[in-house]
Each structure stands twice: as structure tokens, then as C-alpha cells.
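The block underneath contains the structure these notes are about, expressed in C-alpha cells.
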Amino acid sequence: MDSPAANRPNHPPRGASKWLAWLPGLAISSAVAAYVLIVFGSHVRVSDSGMGCPDWPLCSGSVGPIYEFHALMEQTHRYIAGIVTILAFLTALLAYRARTHLGQRATTVRPAVFTAGIIVVQIALGAVTVFAGNGAPTVAAHLIAGLAMLGGATVTAICALVPARESGTALSQAALSNATESRLGRVGWVAISAAGVLFVSGSLVVNAEAEKACASFPLCPSGQPGDLVWPHLLHRGIAVLAGIALLTFSVHAWRRWSGIPGARAVAATLAAVVVATATLGIVSALLKAPPGWEDLHLAGAAAVLAASIALATLGWLTHADYPVDEPGHRTRVGGSAEAQPAPSTT
């Protein structure tokens with residue numbers, strides 16, 4: 001005979017449940033703050049404020065206020081990084097509590113812990129960048145860590161909002177094992193990879209201080225130094241290919257993921273920011289990259305990266321491209337059903 005304790009529902013403690021209700025909002029706040037940090041960091045670079053503070057973590061031995069423009073920009077960037085760090089670590093803590101008390105899969109805790117860890121790396125690289133005098137290798141490493149941070153925070157937010165599911169019906173363990181083999185189609189993986197490469201290629205233009213060297217479109221005017229022209233042409237070539245990949249992914253999700261809540265909204269957002277960012281890039285080049293236009297273009301590039309990762313994460317969590325309808329069967333979206341041997345019951 002089962003004891004009353006055995007039949008008692010496994011509810012999380014009341015205090016834990018109260019705090020866990022904050023997880024989605026906290027994860028979204030962390031992702032938004034990470035985006036702001038990336039955009040403001042780009043502004044620091046565009047405004048030549050990277051060495052506004054010659055020491056670290058203080059600024060000329062002071063916490064603040066900072067009255068000189070470049071020092072204010074650099075120290076504000078550090079303050080935002082501190083806010084992102086706090087939000088990321090709180091998100092990771094609550095994600096772990098959600099996994100422990102609610103029995104959720106580790107779809108939220110893993111990217112949350114990754115994001116918290118990469119922020120530690122990002123902070124360390126920021127300090128090294130200052131000590132190294134904004135050297136190109138450390139700046140590049142700092143940028144890559146920043147992209148990883150934004151990606152991790154975006155994945156965490158989507159995982160906190162959208163529980164992982166395999167189908168609309170319960171699955172056997174064998175079907176669940178088969179389902180995890182494929183979650184997202186190739187078009188999604190190509191798109192998010194293209195978004196990352198596109199952002200890095202744009203940063204090459206900024207790092208080479210070549211923003212004003214190509215005031216025409218699609219090619220650069222003659223007479224410009226080659227070391228300033230090739231980053232532009234590389235970025236523009238990558239932008240064309242990445243734009244095609246990202247818009248293809250948007251159309252794919254719009255047409256084939258219509259049954260997934262929120263998929264069409266994210267797909268439309270991705271398409272919109274791709275077009276807007278491309279337009280901003282062209283206008284910025286023709287105007288010889290005024291700081292305001294350049295900041296908007298960099299903000300759009302970060303939005304493209306975040307939106308593509310958000311859409312891909314949504315598809316991965318829901319098996320959008322390879323849904324499992326019943327044990328032993330997997331249906332490829334846009335194709336015929338691929339029969340899989342059902343587990344033997346004898």
C-alpha cells in the first residue's frame with residue numbers, strides 16, 4: 001500500500017515557486033541588456049573611446065562621475081557590463097532552480113550557465129584589451145566573446161519562454177530518442193552561421209578604420225588604398241550571401257512553421273531587420289559613415305544576429321523541421337513521412 005507521502009504531488013516549495021515565476025522575465029531582461037551592451041560597445045569603438053579609461057576596473061583611479069566624453073563612454077560600457085553580469089547570473093541561478101524543483105529539461109539551464117560563463121570571459125578580455133592598448137587580437141577576441149554572450153542570452157530567453165516539445169502527443173522513450181537526432185533543418189543552421197560571419201566581417205571594416213573609404217555602392221571608388229577597400233568588398237559580398245540565407249530562413253519559417261506560436265512573428269521580425277540593416281549600411285556608406293548612421297547600422301546587425309538565433313532556437317525546441325507525430329514515425333516538413341520502425345511490444 002502506498003504511503004500518503006508517495007501519493008503527494010511533487011510541487012516545488014512555495015518560496016521557490018514564487019521566485020521561479022520571475023525566470024522568463026529575467027531571461028528576457030538579460031538578453032535585452034546583452035544586446036544593449038553589444039550596441040553600446042560598438043558605439044565606444046566608433047567614437048574612438050576604447051582607451052578613454054587607461055586602467056581597469058576604475059577609470060583613471062575613479063569610479064565616477066566621469067566628466068570627459070571618452071572616459072564617460074568607456075566607463076558607462078563597464079557599468080552596463082556589470083548589469084548584464086548580475087542579470088545573467090541571476091538567470092542561471094533561477095534556471096537551475098527550475099530544473100531542480102519543477103523537473104524541467106535542461107533546455108534553459110545549459111544556455112543560462114553558458115551565458116554566465118562567457119560573460120566572465122568577456123570581462124577578462126575587456127581588461128586585457130585595456131592593458132594591451134586596444135590591440136587588434138584582443139579586440140577581436142573581445143568581440144567574439146560578445147557575440148557568444150548575445151547568442152547565449154537569446155537562446156536562454158527563448159528556452160525560458162518556449163518549453164521543449166517533441167510533438168502534440170506523448171512520445172515513447174524510443175520515439176523521443178529518434179526525435180532528438182534532428183531538430184532544425186539545414187536552412188536554419190546556415191542562416192545563423194551567416195549572421196555571425198556577417199557581423200564579424202562588418203567589424204573588420206571598423207577595426208581597419210575603413211568606414212569612410214568606400215562612399216559608393218556596390219563597388220568602391222577608384223583611388224582608395226587597397227587595405228581599406230578589401231574589408232568593404234569582403235563585407236558586402238558576405239552581406240549579399242548572408243542576406244539571401246537569412247531571408248530564405250524567414251520565408252521557410254513563415255510558410256512551414258505556421259502552427260508554432262510566435263514563429264511567424266519572429267520570422268517577420270528577422271526579415272524586417274535584415275532589410276532595414278542592409279538599407280542602413282548602404283546609406284551609411286554613401287554618406288561616408290556618419291557616427292549616428294554607423295551606430296544604427298551596428299545596432300541593426302546585432303538585431304539580425306539575435307533575431308536569427310531566436311528563430312532557430314524556436315525551431316529547434318519545437319522540432320519545427322522534423323516533427324514527430326507518433327511513436328515510430330517522423331515527418332519531414334515539406335516532404336513525405338519517413339517511417340521508422342516502431343518499438344517492438346512483444
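Residue names in the C-alpha cells use chain letters A, B, ... in the order shown, residue numbers from 1 in each chain, and ligand numbers from 1 in the order shown.
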Can you pull out every residue within 12 Å of Glu209 in chain A, counting only C-alpha atoms, but drop anything in the same chain fewer than 4 positions away, and send it as a list of chain:residue names?
A:Arg45, A:Val46, A:Ser47, A:Asp48, A:Ala136, A:Gly202, A:Ser203, A:Leu204, A:Val205, A:Ala213, A:Cys214, A:Pro225, A:Asp227, A:Leu228, A:Val229, A:Pro231, A:His232, A:Lys288, A:Ala289
Find the nearest atom pair between each residue of range 18-85 of chain A and range 112-126 of chain A for residues within 9 Å, count only C-alpha atoms, give distances in Å to one decimal, sort rows by chain and ascending number, and present the table as a Markdown table.
| residue | atom | partner | partner_atom | distance |
| --- | --- | --- | --- | --- |
| A:Ala27 | CA | A:Ala112 | CA | 8.3 |
| A:Trp56 | CA | A:Gly126 | CA | 8.8 |
| A:Arg78 | CA | A:Ile123 | CA | 8.8 |
| A:Ala81 | CA | A:Ile123 | CA | 7.8 |
| A:Val84 | CA | A:Ile119 | CA | 8.2 |
| A:Thr85 | CA | A:Ile119 | CA | 6.5 |
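When only C-alpha atoms are used to compute distances to Thr91 in chain A, the closest of the residues A:Leu150, A:Ala31, A:Val275, A:Val162 turns out to be A:Ala31.
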Would you list, as a PyMOL selection string, the residues of range 19-251 of chain A that end up in helix (DSSP H, G or I) under DSSP run on this structure's backbone?
chain A and resi 19-20+23-46+69-102+109-131+136-161+173-179+186-207+226-251
Please provide as an NGL selection string all residues within 9 Å of Gly281 in chain A, with the sequence filter that same-chain residues fewer than 5 positions apart are discarded (counting only C-alpha atoms).
:A and (276 or 286 or 289 or 293-294 or 296-298)
Hey, what's within 10 Å of range 191-196 of chain A if we count only C-alpha atoms and toss same-chain stuff fewer than 4 positions away? As an NGL selection string, please?
:A and (144 or 147-148 or 151 or 186-187 or 200-201 or 238-239 or 241-250 or 274 or 301-312)
